[in-house]
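To start, the structure under review is shown below, and the notes come after it.
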Amino acid sequence: MKKLLIPAVMAAMLISSVPLYADGSIKVVVDGNKLTFDQPPVIEDDRVLVPLRAIFEALDSNVDYIDETKTVSARRGERVVSLKIGDNSMIVADRGSAETIKLDVPAKIINDRTMVPVRAVSEGLDADVRWDGDTKTVYVERKKGQHEISSVKLDAVLKGDDGTGLVDFYYSYPVIKNEENDPFIKAINETYKKETEAFYESVKNEYLKDAEMRHSYAKDNENSEYVGYMRYPLMTFFIDYTVTLDRNDLLSITQVYYSDLGGAHPITSKVSRTFDLKAKKQLGLGDILEGTEREIEVAAFRAFDQYLEKEFGEYPDYAATVKSDMEKKFDNICYYLDDNGLVIYYQVYQVGPYAMGYPEARMYYKNNEDVFKTDLSGAELENLVFSLDGNPTTGYEWTVGGKSDNIDIEVEYASKTPLEATVGVGGKYKFTVTGTEKGNAYLSLQYKRAWEDKALKTVMYSLYVNADNTITVIDIAE
């Protein structure tokens, strides 16, 4: 949003104080797309540094720079990564929690470009990073969902009549790829587009006028004791989004609305929607959880009890007051799905002070399958085990047509029926898939004869290997 303008003198000071060297042969590939840089990557202490704007924007993030503190930040959805020039730490904030990560190499200025360690910032934005030493290539890849979702963005500074920048505005909204022109997906895309553009228009029509009025007052009353109060930073508005679930034909998206009018603190809100793309409907709580409306409410507050115990266990009277307020406002409850279950929450200020943020509780799918109508099986499996019908007496057998390097697979003919008794009947092939390294994964299985090129059947698995090498099934295509 704001340009990174650093004096050349500072750049020279930073360059002269560290042992680093530029390597124009280093390539950076993000989600399959090779990046181009106006400043080549550099290597310091075996760490690759790249221009921050290129890597952050390639990861669908909005970039900001605060000159007073020399701090760079990137935001994607609710996740914010912040680095200070020359500091060996990075802060990653997400949904009310924050973590400080130690950096082997700090961000620095080189030839008027802010350079950041590519691995650290990419992983901070929840992307996976792999270094190929043979080709000197850094591969950065975000978790793939079942559907291809791109972003439409706008980054603008709205100006007053005299050309002064008054309102900083950024938006990003999702567009689901829709090659088959599905009317339901088309309607989803149109909804996000219209709502985002309507918010932008409201900012231009309402807040720009207010910002211009305050600016004009300050300019016309430079000697007034109130001018200092009136001279505040740009008003800032943005809309961004996070996809929390995209598998099993289920899609859950949460938008974040942010408004900073120069008051005590920003105003934020979230809008979450969950869609069943197979049934062509938006899901309510009654579509996700079993039971009557009252039973669903009881289950939700059982989950909130755990939240209240964690946050206010030392203050039981206050926890009881918050819970009572929650129960009165159950109709205002918001929710979304992720790989592991249901997350329910209230908006900021609805049931407590601003400092409480979004009161949020989780209902896990695992071990609670009888509570859910919606099928969220296939997440974080120690091993992916499944069977396919086959009959080796016909000359056909299931073989691995292809797979990614971060999974291993064992294949065995697992039928209990003796092989000689399966003629014309067939049995079962058993597959056991194990994750070996974090990242996106694929598996292609073919049912074919060894002497034939064409397979009679093909099954494709799209998977994700988590940090603990458990496996989440994204999609299965036949």
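Each chain in the structure tokens gets a letter, A, B, ..., in the order shown, and its residues are numbered from 1; ligands are numbered from 1 in order too.
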Determine, counting only C-alpha atoms, which protein, DNA and RNA residues have an atom within 6 Å of an atom of range 234-241 of chain A; residues of the same chain fewer than 3 positions away are not included. Present the result as number ranges by chain.
A: 77, 166-172, 254-261
Which polymer residues have any atom within 8 Å of an atom of Lys280 in chain A, counting only C-alpha atoms, with same-chain residues fewer than 4 positions away left out, as a PyMOL selection string?
chain A and resi 184+275-276
Nearest-residue call for Asp210 in chain A, choices A:Gly262, A:Tyr396, A:Val105, A:Lys278, using only C-alpha atoms:
A:Gly262
Determine, counting only C-alpha atoms, which protein, DNA and RNA residues have an atom within 6 Å of an atom of range 49-66 of chain A; residues of the same chain fewer than 3 positions away are not included. Present the result as a ChimeraX atom specification.
/A:1-2,41-42,69-76,114-118
Write down as a PyMOL selection string the residues of range 87-316 of chain A whose backbone DSSP state falls under helix (DSSP H, G or I).
chain A and resi 118-124+183-220+227-230+285-288+293-312+316
Provide the CA of Glu148 in chain A to CA of Thr472 in chain A distance in Å, to one decimal place.
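Spanning CA of Glu148 in chain A to CA of Thr472 in chain A is a straight-line distance of 17.6 Å.
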